[in-house]
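Content type compact mmCIF, C-alpha atoms, from the file protein.txt:
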# COMPACT_ATOMS: atom_id res chain seq x y z
CA MET G 1251 10.88 1.35 27.04
CA PHE G 1252 9.54 3.70 24.39
CA HIS G 1253 10.74 1.77 21.39
CA VAL G 1254 8.02 -0.20 19.67
CA VAL G 1255 8.96 -2.79 17.11
CA PRO G 1256 6.83 -2.18 14.01
CA PRO G 1257 4.97 -5.05 12.40
CA ALA G 1258 6.57 -6.68 9.39
CA LEU G 1259 5.79 -5.07 6.06
CA PRO G 1260 3.32 -6.88 3.85
CA PRO G 1261 4.83 -8.48 0.74
CA ARG G 1262 5.17 -6.20 -2.26
CA PRO G 1263 2.51 -6.95 -4.91
CA PRO G 1264 3.38 -7.25 -8.60
CA ALA G 1265 3.83 -3.88 -10.31
CA THR G 1266 1.10 -4.75 -12.80
CA ASP G 1267 -1.55 -4.69 -10.08
CA GLY G 1268 -1.91 -0.92 -9.72
CA ALA G 1269 -4.57 -0.95 -7.00
CA ALA G 1270 -2.67 -3.48 -4.89
CA VAL G 1271 0.56 -1.49 -5.30
CA GLN G 1272 -1.21 1.68 -4.17
CA ALA G 1273 -2.62 -0.08 -1.11
CA TRP G 1274 0.81 -1.51 -0.32
CA LEU G 1275 2.49 1.89 -0.69
CA GLU G 1276 -0.03 3.42 1.69
CA THR G 1277 0.38 0.61 4.21
CA VAL G 1278 4.14 1.09 4.19
CA ILE G 1279 4.05 4.85 4.48
CA LEU G 1280 1.41 4.74 7.23
CA GLN G 1281 3.79 2.57 9.19
CA TYR G 1282 6.64 5.09 8.97
CA TYR G 1283 5.26 8.58 8.49
CA ARG G 1284 5.00 9.52 12.15
CA GLN G 1285 8.66 8.71 12.78
CA LEU G 1286 9.63 10.46 9.55
CA TYR G 1287 7.68 13.52 10.64
CA ARG G 1288 9.41 13.52 14.04
CA TYR G 1289 12.78 13.23 12.38
CA ALA G 1290 11.90 16.10 10.03
CA LEU G 1291 10.64 18.14 12.98
CA THR G 1292 13.92 17.76 14.83
CA LEU G 1293 15.83 18.67 11.67
CA THR G 1294 13.85 21.77 10.82
CA GLY G 1295 12.36 22.87 14.14
CA HIS G 1296 9.21 23.90 12.23
CA GLU G 1297 6.00 21.91 12.02
CA SER G 1298 5.10 23.14 8.56
CA ASP G 1299 8.55 22.35 7.13
CA ALA G 1300 8.47 18.97 8.82
CA ALA G 1301 5.08 18.17 7.30
CA ASP G 1302 6.30 19.36 3.91
CA LEU G 1303 9.44 17.21 4.04
CA THR G 1304 7.53 14.15 5.19
CA GLN G 1305 5.02 14.55 2.41
CA GLN G 1306 7.71 15.05 -0.22
CA THR G 1307 9.35 11.86 0.99
CA ALA G 1308 6.04 9.97 0.79
CA VAL G 1309 5.45 11.25 -2.74
CA LYS G 1310 8.96 10.25 -3.82
CA PHE G 1311 8.36 6.84 -2.35
CA ALA G 1312 5.12 6.51 -4.36
CA ARG G 1313 6.98 7.39 -7.54
CA LYS G 1314 10.26 5.59 -7.01
CA TYR G 1315 9.46 2.60 -4.83
CA ASP G 1316 10.49 0.35 -7.69
CA ASP G 1317 14.08 1.56 -7.32
CA ILE G 1318 14.24 -0.04 -3.87
CA ARG G 1319 15.21 -3.58 -4.64
CA GLU G 1320 14.75 -5.13 -1.20
CA ASP G 1321 11.86 -4.39 1.10
CA GLY G 1322 14.28 -4.50 4.02
CA ALA G 1323 15.92 -1.34 2.66
CA ILE G 1324 12.70 0.70 2.57
CA LYS G 1325 13.07 2.27 5.99
CA SER G 1326 16.63 3.33 5.33
CA TRP G 1327 15.61 4.68 1.89
CA LEU G 1328 12.84 6.78 3.43
CA TYR G 1329 15.14 8.36 6.01
CA THR G 1330 17.91 8.95 3.48
CA THR G 1331 15.45 10.58 1.10
CA LEU G 1332 14.01 12.80 3.81
CA HIS G 1333 17.49 13.85 4.88
CA ARG G 1334 18.40 14.73 1.28
CA GLU G 1335 15.21 16.66 0.87
CA PHE G 1336 16.06 18.57 4.02
CA LEU G 1337 19.51 19.46 2.71
CA LEU G 1338 17.95 20.53 -0.60
CA LEU G 1339 15.35 22.63 1.18
CA ARG G 1340 17.99 24.34 3.24
CA ARG G 1341 20.15 25.03 0.20
CA ARG G 1342 17.20 26.18 -1.85
CA GLU G 1343 15.81 28.54 0.72
CA ARG G 1344 19.07 29.30 2.54
CA HIS G 1345 17.00 28.14 5.43
CA ALA G 1346 19.23 28.18 8.47
CA VAL G 1347 17.34 27.10 11.55
CA GLU G 1348 17.11 30.09 13.82
CA PHE G 1349 16.00 28.95 17.19
CA GLN G 1350 14.55 32.32 18.00
CA GLU G 1351 12.09 31.67 15.18
CA ILE G 1352 10.88 28.23 16.17
CA HIS G 1353 7.11 28.05 16.13
CA LEU G 1354 5.67 24.85 17.44
CA GLU G 1355 2.18 26.23 17.88
CA PRO G 1356 0.56 26.28 14.45
CA ASP G 1357 -2.12 28.75 15.38
CA PRO G 1358 -2.98 30.25 18.74
CA GLY G 1359 -6.65 29.67 18.07
CA TYR G 1360 -6.28 25.98 17.43
CA SER G 1361 -6.32 23.94 20.58
CA SER G 1362 -5.02 20.51 19.52
CA ALA G 1363 -1.56 21.94 18.88
CA GLN G 1364 -1.31 22.33 22.63
CA GLU G 1365 -1.03 18.56 22.84
CA LEU G 1366 2.70 19.07 22.30
CA ARG G 1367 3.90 18.95 25.84
CA VAL G 1368 6.56 21.20 27.17
CA ASP G 1369 9.18 18.50 27.40
CA SER G 1370 8.54 17.47 23.82
CA ARG G 1371 8.91 21.06 22.77
CA THR G 1372 12.09 21.41 24.78
CA ALA G 1373 13.50 18.33 23.10
CA VAL G 1374 12.73 19.64 19.62
CA GLU G 1375 13.96 23.14 20.37
CA THR G 1376 17.14 21.88 21.93
CA LEU G 1377 17.93 19.67 18.96
CA ALA G 1378 17.18 22.58 16.64
CA LYS G 1379 19.88 24.58 18.38
CA MET G 1380 22.53 22.02 17.57
CA GLU G 1381 24.78 21.91 14.53
CA GLU G 1382 23.20 19.96 11.69
CA PRO G 1383 25.52 16.89 11.81
CA HIS G 1384 24.89 16.50 15.53
CA ARG G 1385 21.19 17.12 15.12
CA SER G 1386 20.73 14.48 12.41
CA VAL G 1387 22.61 11.80 14.23
CA LEU G 1388 20.84 12.38 17.54
CA SER G 1389 17.44 12.62 15.88
CA LEU G 1390 17.84 9.26 14.20
CA PHE G 1391 19.15 7.77 17.42
CA TYR G 1392 16.27 9.04 19.51
CA VAL G 1393 13.34 9.09 17.10
CA GLU G 1394 13.85 5.68 15.55
CA ASP G 1395 16.15 3.98 18.03
CA LEU G 1396 18.43 3.24 15.09
CA SER G 1397 21.79 1.56 15.55
CA TYR G 1398 24.91 3.47 14.66
CA ARG G 1399 25.32 1.18 11.63
CA GLU G 1400 21.84 2.06 10.36
CA ILE G 1401 22.50 5.75 10.97
CA SER G 1402 25.75 5.39 9.07
CA GLU G 1403 23.88 3.92 6.12
CA ILE G 1404 21.24 6.66 6.12
CA LEU G 1405 23.63 9.58 6.44
CA GLY G 1406 26.29 8.07 4.21
CA VAL G 1407 29.12 8.48 6.71
CA PRO G 1408 31.39 5.78 8.20
CA ALA G 1409 30.13 3.92 11.27
CA GLY G 1410 33.09 5.11 13.32
CA THR G 1411 32.25 8.71 12.47
CA VAL G 1412 28.66 8.15 13.61
CA MET G 1413 29.85 6.78 16.94
CA SER G 1414 32.21 9.66 17.66
CA ARG G 1415 29.66 12.17 16.37
CA LEU G 1416 27.01 10.68 18.64
CA SER G 1417 29.36 10.97 21.55
CA ARG G 1418 30.12 14.65 20.87
CA ALA G 1419 26.46 15.35 20.13
CA LYS G 1420 25.43 13.90 23.48
CA ASP G 1421 27.95 16.11 25.24
CA ALA G 1422 26.58 19.14 23.40
CA LEU G 1423 23.01 18.11 24.19
CA ARG G 1424 23.79 17.75 27.85
CA ARG G 1425 25.34 21.22 27.94
CA LEU G 1426 22.30 22.70 26.22
CA LEU G 1427 19.92 20.93 28.57
CA GLN G 1428 21.97 21.72 31.66
CA PRO G 1429 19.43 24.09 33.21
CA ALA G 1430 16.65 21.58 32.61
CA VAL G 1431 18.29 18.29 33.70
CA MET C 281 38.42 0.62 28.46
CA ASN C 282 39.51 2.33 25.28
CA GLN C 283 37.94 5.27 23.49
CA GLU C 284 36.28 3.07 20.89
CA GLN C 285 34.53 1.07 23.61
CA TYR C 286 33.45 4.31 25.25
CA HIS C 287 31.95 5.58 22.00
CA LEU C 288 30.34 2.19 21.40
CA LEU C 289 28.56 2.28 24.75
CA ARG C 290 27.37 5.81 24.16
CA ALA C 291 26.04 4.70 20.77
CA ALA C 292 24.24 1.68 22.20
CA ARG C 293 20.54 2.05 21.59
CA PRO C 294 18.41 3.18 24.53
CA SER C 295 16.02 0.28 23.89
CA GLY C 296 18.78 -2.17 24.80
CA ALA C 297 18.72 -3.75 21.35
CA ASP C 298 22.53 -3.82 21.16
CA GLU C 299 23.23 -5.28 24.56
CA HIS C 300 23.80 -8.81 23.30
CA GLU C 301 26.47 -7.83 20.80
CA PRO C 302 29.82 -9.26 21.90
CA ALA C 303 31.58 -5.90 21.44
CA VAL C 304 29.01 -4.19 23.67
CA VAL C 305 29.23 -6.93 26.29
CA ALA C 306 33.02 -6.57 26.36
CA ALA C 307 32.76 -2.78 26.59
CA ARG C 308 30.28 -3.07 29.48
CA ALA C 309 32.73 -5.32 31.31
CA ALA C 310 35.51 -2.81 30.72
CA ALA C 311 33.29 0.03 31.93
CA ALA C 312 32.46 -1.85 35.13
CA ALA C 313 36.15 -1.84 35.99
CA LEU C 314 36.33 1.95 35.88
CA PRO C 315 35.07 3.73 39.01
CA GLY C 316 32.08 5.95 38.29
CA MET C 317 31.77 4.96 34.63
CA ASN C 318 28.66 2.82 35.06
CA GLU C 319 26.95 5.64 36.95
CA GLN C 320 27.84 8.10 34.20
CA LEU C 321 26.46 5.77 31.55
CA ALA C 322 23.31 5.14 33.58
CA THR C 323 22.69 8.89 33.87
CA GLU C 324 23.19 9.25 30.15
CA HIS C 325 20.84 6.35 29.48
CA ALA C 326 18.14 8.07 31.52
CA LEU C 327 18.56 11.20 29.40
CA ASP C 328 18.40 9.10 26.22
CA VAL C 329 15.13 7.53 27.31
CA ALA C 330 13.70 10.91 28.30
CA MET C 331 14.64 12.49 24.97
CA GLY C 332 13.27 9.54 23.02
CA SER C 333 9.99 9.62 24.95
CA ALA C 334 9.67 13.38 24.53
CA LEU C 335 10.22 13.25 20.78
CA HIS C 336 7.76 10.40 20.42
CA ARG C 337 5.02 12.64 21.73
CA ALA C 338 5.31 15.04 18.78
CA GLU C 339 2.48 14.26 16.35
CA PRO C 340 1.89 15.42 12.78
CA PRO C 341 -0.75 18.17 12.35
CA PRO C 342 -4.43 17.22 11.97
CA GLY C 343 -5.39 16.08 8.51
CA PHE C 344 -1.79 15.48 7.56
CA GLU C 345 -2.24 11.78 6.97
CA THR C 346 -5.06 12.37 4.49
CA ALA C 347 -3.13 15.12 2.73
CA MET C 348 -0.09 12.91 2.40
CA LEU C 349 -2.03 9.96 1.01
CA THR C 350 -3.86 12.26 -1.40
CA ALA C 351 -0.53 13.62 -2.62
CA MET C 352 0.81 10.08 -3.06
CA ARG C 353 -2.22 9.10 -5.11
CA ALA C 354 -1.86 12.26 -7.19
CA ALA C 355 1.79 11.48 -7.81
CA ARG C 356 0.82 8.11 -9.23
CA GLY C 357 -1.51 9.28 -11.90
CA ALA C 358 -3.62 12.35 -11.26
CA ALA C 359 -3.71 15.00 -13.90
CA ASP C 360 -1.89 18.30 -13.47
CA PRO C 361 -3.97 21.00 -11.77
CA PRO C 362 -5.07 24.02 -13.75
CA ALA C 363 -2.08 26.20 -14.55
CA PHE C 364 -3.28 29.23 -12.65
CA LEU C 365 -3.36 27.35 -9.35
CA GLU C 366 -0.14 27.61 -7.46
CA LYS C 367 1.06 25.46 -4.59
CA THR C 368 -1.96 24.45 -2.69
CA VAL C 369 -1.63 24.90 1.01
CA LEU C 370 -0.61 28.37 1.91
CA GLY C 371 2.39 28.81 4.14
CA ALA C 372 2.19 25.32 5.51
CA VAL C 373 1.99 21.86 4.03
CA GLN C 374 2.45 22.18 0.30
CA ILE C 375 0.76 19.33 -1.47
CA PRO C 376 3.10 18.45 -4.30
CA THR C 377 1.34 17.92 -7.55
CA VAL C 378 2.67 15.92 -10.44
CA SER C 379 4.12 19.03 -12.01
CA GLU C 380 5.73 20.26 -8.78
CA THR C 381 7.40 17.03 -7.79
CA SER C 382 8.72 16.53 -11.28
CA ASN C 383 10.49 19.86 -10.94
CA VAL C 384 12.77 18.52 -8.25
CA VAL C 385 15.00 16.49 -10.51
CA PRO C 386 15.65 19.20 -13.11
CA PHE C 387 16.52 21.54 -10.26
CA ARG C 388 19.20 19.15 -9.08
CA ARG C 389 20.54 18.39 -12.50
CA ARG C 390 20.76 21.97 -13.44
CA ALA C 391 22.10 23.30 -10.21
CA TRP C 392 25.07 24.77 -12.07
CA LEU C 393 22.68 27.01 -13.91
CA GLY C 394 21.46 28.33 -10.58
CA TRP C 395 23.44 31.55 -10.38
CA GLY C 396 22.71 32.67 -13.90
CA ALA C 397 19.09 31.69 -13.66
CA ALA C 398 18.75 33.33 -10.26
CA ALA C 399 19.96 36.67 -11.62
CA ALA C 400 17.51 36.53 -14.50
CA ALA C 401 14.72 35.27 -12.26
CA ALA C 402 15.29 38.06 -9.77
CA LEU C 403 14.75 40.64 -12.49
CA VAL C 404 11.63 38.93 -13.73
CA ALA C 405 10.31 38.13 -10.25
CA GLY C 406 10.76 41.66 -9.07
CA SER C 407 8.68 43.03 -11.89
CA VAL C 408 6.10 40.26 -11.72
CA HIS C 409 5.70 40.18 -7.94
CA TRP C 410 3.50 43.23 -7.75
CA TRP C 411 1.28 41.94 -10.50
CA ARG C 412 0.97 38.48 -8.97
CA THR C 413 -0.09 39.64 -5.55
CA ALA C 414 -2.23 42.49 -6.78
CA ALA C 415 -5.98 42.23 -6.34
CA PHE C 416 -7.81 40.49 -9.16
CA SER C 417 -11.25 40.98 -10.60
CA MET C 418 -14.34 39.07 -9.52
CA HIS C 419 -15.02 38.33 -13.17
CA ARG C 420 -11.69 36.57 -13.59
CA LEU C 421 -11.98 34.65 -10.32
CA LYS C 422 -15.48 33.43 -11.23
CA ARG C 423 -14.28 32.19 -14.60
CA GLU C 424 -11.22 30.43 -13.19
CA LEU C 425 -13.05 28.79 -10.30
CA ALA C 426 -15.91 27.67 -12.54
CA GLY C 427 -13.32 25.74 -14.55
CA VAL C 428 -11.96 24.13 -11.40
CA SER C 429 -15.41 23.27 -10.11
CA LYS C 430 -16.50 21.73 -13.42
CA SER C 431 -13.35 19.67 -13.95
CA GLY C 432 -13.40 18.14 -10.45
CA VAL C 433 -11.78 19.51 -7.36
CA GLN C 434 -8.79 18.17 -5.49
CA LEU C 435 -9.25 17.80 -1.73
CA SER C 436 -6.35 17.87 0.70
CA LEU C 437 -8.54 16.67 3.52
CA MET C 438 -11.27 14.18 2.72
CA SER C 439 -13.57 14.02 5.70
CA MET C 440 -17.26 14.27 6.48
CA ASP C 441 -16.51 15.40 10.01
CA PRO C 442 -17.18 19.16 10.33
CA ALA C 443 -14.85 19.33 13.35
CA ALA C 444 -12.00 17.82 11.35
CA ILE C 445 -12.64 20.26 8.51
CA ASN C 446 -12.85 23.20 10.89
CA GLY C 447 -9.64 22.05 12.54
CA TRP C 448 -7.84 21.68 9.23
CA MET C 449 -8.99 25.04 7.94
CA GLY C 450 -8.17 26.74 11.21
CA TYR C 451 -4.74 25.18 11.28
CA TYR C 452 -3.95 26.40 7.77
CA LYS C 453 -5.64 29.76 8.29
CA ALA C 454 -7.94 29.19 5.35
CA PRO C 455 -10.25 32.16 4.65
CA ARG C 456 -13.91 31.66 5.58
CA ALA C 457 -16.89 33.86 4.98
CA GLY C 458 -18.44 34.29 8.41
CA PRO C 459 -21.16 31.94 9.62
CA LEU C 460 -22.71 29.96 6.79
CA PRO C 461 -26.45 29.97 6.13
CA ASP C 462 -28.01 27.28 8.33
CA LYS C 463 -29.26 24.97 5.58
CA LEU C 464 -25.90 25.02 3.83
CA ALA C 465 -24.01 24.47 7.07
CA ALA C 466 -26.20 21.46 7.84
CA LEU C 467 -25.24 19.62 4.63
CA PRO C 468 -22.79 16.75 4.88
CA ARG C 469 -19.28 17.61 3.73
CA LYS C 470 -16.76 15.75 1.67
CA GLY C 471 -13.57 17.64 2.48
CA CYS C 472 -11.61 20.81 1.98
CA HIS C 473 -8.60 22.31 0.29
CA LEU C 474 -6.60 25.49 0.12
CA TYR C 475 -5.43 27.07 -3.11
CA GLN C 476 -3.29 30.07 -3.75
CA VAL C 477 -4.34 32.24 -6.65
CA ASP C 478 -2.06 35.07 -7.68
CA GLY C 479 -0.60 35.10 -4.20
CA HIS C 480 -3.98 35.14 -2.44
CA PRO C 481 -5.45 32.25 -0.44
CA VAL C 482 -8.63 30.67 -1.76
CA SER C 483 -10.20 27.98 0.40
CA LEU C 484 -12.58 25.29 -0.77
CA GLU C 485 -15.18 23.34 1.18
CA CYS C 486 -16.98 20.60 -0.64
CA PHE C 487 -20.59 19.93 0.45
CA LEU C 488 -22.80 17.04 -0.63
CA LEU C 489 -26.42 17.10 -1.70
CA PRO C 490 -28.42 13.85 -1.84
CA GLY C 491 -27.13 11.62 -4.62
CA MET C 492 -23.52 12.69 -3.96
CA ARG C 493 -24.03 15.91 -5.94
CA GLU C 494 -21.27 18.28 -4.97
CA LEU C 495 -21.42 21.95 -4.02
CA HIS C 496 -18.12 23.83 -4.04
CA LEU C 497 -17.80 26.76 -1.67
CA PHE C 498 -14.71 28.86 -2.40
CA CYS C 499 -13.67 31.69 -0.12
CA THR C 500 -11.07 34.42 -0.43
CA PRO C 501 -10.38 37.62 1.50
CA ALA C 502 -12.41 40.53 0.12
CA ALA C 503 -9.16 42.51 -0.03
CA ALA C 504 -7.93 40.11 -2.72
CA LEU C 505 -10.64 41.32 -5.09
CA LEU C 506 -10.95 44.59 -6.91
CA ASP C 507 -14.73 44.41 -6.89
CA SER C 508 -16.00 42.20 -4.06
CA PRO C 509 -19.75 42.15 -3.31
CA PRO C 510 -20.84 44.56 -0.54
CA GLU C 511 -20.40 43.23 2.99
CA GLY C 512 -23.63 41.80 4.41
CA ALA C 513 -25.65 42.07 1.18
CA LEU C 514 -27.91 39.17 0.19
CA PRO C 515 -26.30 36.54 -2.07
CA GLY C 516 -26.20 37.40 -5.75
CA PHE C 517 -26.82 34.72 -8.40
CA CYS C 518 -25.47 34.25 -11.90
CA SER C 519 -24.49 31.53 -14.32
CA VAL C 520 -20.84 31.01 -15.21
CA GLU C 521 -19.82 28.46 -17.82
CA GLY C 522 -22.87 26.33 -17.13
CA CYS C 523 -22.54 26.48 -13.32
CA THR C 524 -24.88 28.26 -10.96
CA LEU C 525 -22.90 30.67 -8.86
CA ALA C 526 -23.97 32.44 -5.69
CA THR C 527 -21.68 35.08 -4.19
CA TRP C 528 -21.76 37.05 -0.96
CA THR C 529 -19.40 38.73 1.50
CA ARG C 530 -19.34 38.11 5.24
CA GLY C 531 -16.70 38.96 7.79
CA GLY C 532 -14.32 40.40 5.23
CA ALA C 533 -14.30 37.27 3.08
CA VAL C 534 -16.03 36.63 -0.24
CA ALA C 535 -17.88 33.33 -0.71
CA LEU C 536 -18.42 31.82 -4.16
CA LEU C 537 -20.72 28.80 -4.18
CA PHE C 538 -20.60 26.80 -7.43
CA SER C 539 -22.99 24.00 -8.30
CA ARG C 540 -24.75 22.24 -11.15
CA GLU C 541 -28.07 22.82 -9.39
CA SER C 542 -30.60 25.45 -10.42
CA ALA C 543 -30.56 28.90 -8.85
CA VAL C 544 -33.86 27.96 -7.18
CA VAL C 545 -32.27 25.03 -5.33
CA ILE C 546 -29.27 27.09 -4.29
CA GLY C 547 -31.45 30.03 -3.33
CA GLU C 548 -33.45 27.74 -1.05
CA LEU C 549 -30.25 26.51 0.58
CA LEU C 550 -29.08 30.04 1.27
CA SER C 551 -32.40 31.36 2.50
Mind converting the file's structure to structure tokens?
Amino acid sequence: MFHVVPPALPPRPPATDGAAVQAWLETVILQYYRQLYRYALTLTGHESDAADLTQQTAVKFARKYDDIREDGAIKSWLYTTLHREFLLLRRRERHAVEFQEIHLEPDPGYSSAQELRVDSRTAVETLAKMEEPHRSVLSLFYVEDLSYREISEILGVPAGTVMSRLSRAKDALRRLLQPAV
Amino acid sequence: MNQEQYHLLRAARPSGADEHEPAVVAARAAAAALPGMNEQLATEHALDVAMGSALHRAEPPPGFETAMLTAMRAARGAADPPAFLEKTVLGAVQIPTVSETSNVVPFRRRAWLGWGAAAAAALVAGSVHWWRTAAFSMHRLKRELAGVSKSGVQLSLMSMDPAAINGWMGYYKAPRAGPLPDKLAALPRKGCHLYQVDGHPVSLECFLLPGMRELHLFCTPAAALLDSPPEGALPGFCSVEGCTLATWTRGGAVALLFSRESAVVIGELLS
């Protein structure tokens, strides 16, 4: 199974110990940034936007970590923040995802970008073709293996809505992938 | 099996983490009683696993981790960058600085001002756009970059690995001035960065001399300058605000090498 349970977060140091706080922040973000990036990638369909959103989320975490009262809520906070940043970005730039404009290769001359395999690209492109509510819910489901309750908390919609949305999103995904599966 | 149970099974995590929940167990039992339902769910589960595996193979771009951590550190106490420097990484990852990230909240709070401000901004932006992306003078660029070099540079990628730096700069399409002189190219590096000045990209590579003395090599397309040095000419030397500066043009890009070393030391490096 692809899901890997992450190690427990280290305890949060006292706010007065600046160096220890910085090290803790970096440990936490290093644990989550890859999944955050993948979530952002499925939301935007663009590597550069995904990197931008992930970094903005990390920076917000560095500045506002104190607002998160319980360490158990950090993961949810990170995803919620990234999702909000995505909505802001889209509103700010009127950035509708156009699947004809998806560019997964950063630069033709740079070889490591080719590490994205075709099926990974297909997955991202297919999700990018979906309506935003379906895309978010499926991304969280697939990227983080989150439960519908956790997805409900992150997106701020009722759990029942998440379940029915997931169901419809899976139908839509299957239709989009029909030639490939 | 009711619709809620059907939705519940479709929302059950592909990892199997929900399978012990009583509601899921009951729904599985109900599904088993319906002909063909288990097969349908098994097919869907296979697709779930395939999608999850595929998405897990997408990796952030090279150097992203360093850039992100640098931005986090900057957000927790670094000083604002010089005012003339715009967002740092051109057309790709934008490293938020203290001043940029602090702009997010006012934007939200004042969203209702958006339409009015947008109309005014469009007028101003239209008239300013040409000026901002117009070529600038070598004299001005030297002065501005000398200030950056003296006050300490910010690096998006901190690495001594030339391959990592080449990869990062290639990925972000950072301008580079042809092959570097051998002695300079052989120096250890500290990292790199990409600025945008008046709409033009300006890359930075930081080299290290013994004793951790830094050399800052900035590069920008020759087309960005009104008066770039002639292509292929030998490096020219001057002193700008206490820094030794060597400039040359190769491959359509202008190189500006700033240091605190004497012109003799730099001349030797470039020979």
Check your understanding: Near Leu1303 in chain G, counting only C-alpha atoms, which residues have an atom at most 8 Å away, once you skip same-chain residues fewer than 2 positions from it, shown as a ChimeraX atom specification?
Key -> /G:1287,1290,1299-1301,1305-1307,1332,1335-1336
With only C-alpha atoms counted and 8 Å as the cut-off, give the residues of chain C in contact with chain G, each with its shortest interatomic distance in Å and the pair that gives it, as CSV.
residue,atom,partner,partner_atom,distance
C:His287,CA,G:Met1413,CA,5.6
C:Leu288,CA,G:Met1413,CA,6.4
C:Arg290,CA,G:Ser1417,CA,6.1
C:Ala291,CA,G:Met1413,CA,5.8
C:Ala292,CA,G:Ser1397,CA,7.1
C:Arg293,CA,G:Asp1395,CA,6.0
C:Pro294,CA,G:Asp1395,CA,6.9
C:Ser295,CA,G:His1253,CA,6.0
C:Asp298,CA,G:Ser1397,CA,7.8
C:Asp328,CA,G:Tyr1392,CA,7.0
C:Val329,CA,G:Phe1252,CA,7.4
C:Met331,CA,G:Ala1373,CA,6.2
C:Gly332,CA,G:Tyr1392,CA,4.6
C:Ser333,CA,G:Phe1252,CA,6.0
C:Ala334,CA,G:Ser1370,CA,4.3
C:Leu335,CA,G:Ser1370,CA,5.5
C:His336,CA,G:Val1393,CA,6.6
C:Arg337,CA,G:Ser1370,CA,6.3
C:Ala338,CA,G:Leu1366,CA,6.0
C:Glu339,CA,G:Arg1284,CA,6.8
C:Pro340,CA,G:Tyr1287,CA,6.5
C:Pro341,CA,G:Ala1363,CA,7.6
C:Phe344,CA,G:Ala1301,CA,7.4
C:Glu345,CA,G:Leu1280,CA,7.9
C:Met348,CA,G:Gln1305,CA,5.4
C:Leu349,CA,G:Glu1276,CA,6.9
C:Ala351,CA,G:Val1309,CA,6.4
C:Met352,CA,G:Val1309,CA,4.8
C:Arg353,CA,G:Gln1272,CA,7.5
C:Ala355,CA,G:Val1309,CA,6.3
C:Arg356,CA,G:Arg1313,CA,6.4
C:Gly371,CA,G:Ser1298,CA,7.7
C:Ala372,CA,G:Ser1298,CA,4.7
C:Val373,CA,G:Asp1302,CA,5.0
C:Gln374,CA,G:Asp1302,CA,6.0
C:Ile375,CA,G:Gln1305,CA,7.5
C:Pro376,CA,G:Gln1306,CA,7.0
C:Thr381,CA,G:Gln1306,CA,7.8
C:Gly447,CA,G:Tyr1360,CA,7.1
C:Gly450,CA,G:Tyr1360,CA,6.5
C:Tyr451,CA,G:Asp1357,CA,6.0
C:Lys453,CA,G:Asp1357,CA,8.0
Point to revise | Within 9 Å of Pro509 in chain C using all atoms listed in the file, minus same-chain residues under 4 positions, as a ChimeraX atom specification | key: /C:418,502,513,515-516,527-529,534
Exercise for review: Enter the distance from CA of Leu497 in chain C to CA of Ala535 in chain C, in Å, rounded to one decimal.
Suggested key: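 Calculated distance between CA of Leu497 in chain C and CA of Ala535 in chain C is 6.6 Å.
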Practice item. List the neighbours of range 517-526 of chain C out to 6 Å using all atoms listed in the file; skip same-chain residues closer than 4 positions along the sequence, and give me the result as JSON, numbers by chain. Key: {"C": [536, 537, 538, 539, 540]}
Exercise for review: Go ahead and compute the interatomic distance for CA of Leu1337 in chain G and CA of Ala1409 in chain G, in Å to one decimal.
Suggested key: 20.7 Å
**Study point:** Pick from G:Arg1341, G:His1333, G:Lys1325, G:Arg1425, whichever lies nearest to Leu1293 in chain G using only C-alpha atoms
**Key:** G:His1333
Check your understanding: Taking into account all atoms listed in the file, which residue in the set G:Leu1259, G:Ala1422, G:Ala1265, G:Ile1324 is nearest to Met1380 in chain G?
Key ->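 With all atoms listed in the file as the atom set, the closest residue is G:Ala1422.
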Exercise for review: Grab the CA of Ser1326 in chain G to CA of Ile1404 in chain G distance for me, in Å with one decimal place.
Suggested key: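 The value is 5.7 Å.
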Quick one: residues within 10 Å of His473 in chain C, only C-alpha atoms counted, chain neighbours fewer than 3 positions away excluded, as a PDB file with C-alpha atoms, keeping the file's coordinate frame?
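selection_30.pdb, written as the output of this step:
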ATOM      1  CA  ALA C 347      -3.130  15.120   2.730  1.00  0.00           C
ATOM      2  CA  THR C 368      -1.960  24.450  -2.690  1.00  0.00           C
ATOM      3  CA  VAL C 369      -1.630  24.900   1.010  1.00  0.00           C
ATOM      4  CA  ILE C 375       0.760  19.330  -1.470  1.00  0.00           C
ATOM      5  CA  VAL C 433     -11.780  19.510  -7.360  1.00  0.00           C
ATOM      6  CA  GLN C 434      -8.790  18.170  -5.490  1.00  0.00           C
ATOM      7  CA  LEU C 435      -9.250  17.800  -1.730  1.00  0.00           C
ATOM      8  CA  SER C 436      -6.350  17.870   0.700  1.00  0.00           C
ATOM      9  CA  LEU C 437      -8.540  16.670   3.520  1.00  0.00           C
ATOM     10  CA  MET C 438     -11.270  14.180   2.720  1.00  0.00           C
ATOM     11  CA  ILE C 445     -12.640  20.260   8.510  1.00  0.00           C
ATOM     12  CA  TRP C 448      -7.840  21.680   9.230  1.00  0.00           C
ATOM     13  CA  MET C 449      -8.990  25.040   7.940  1.00  0.00           C
ATOM     14  CA  TYR C 452      -3.950  26.400   7.770  1.00  0.00           C
ATOM     15  CA  ALA C 454      -7.940  29.190   5.350  1.00  0.00           C
ATOM     16  CA  VAL C 482      -8.630  30.670  -1.760  1.00  0.00           C
ATOM     17  CA  SER C 483     -10.200  27.980   0.400  1.00  0.00           C
ATOM     18  CA  LEU C 484     -12.580  25.290  -0.770  1.00  0.00           C
ATOM     19  CA  GLU C 485     -15.180  23.340   1.180  1.00  0.00           C
ATOM     20  CA  CYS C 486     -16.980  20.600  -0.640  1.00  0.00           C
ATOM     21  CA  PHE C 498     -14.710  28.860  -2.400  1.00  0.00           C
TER      22      PHE C 498
END
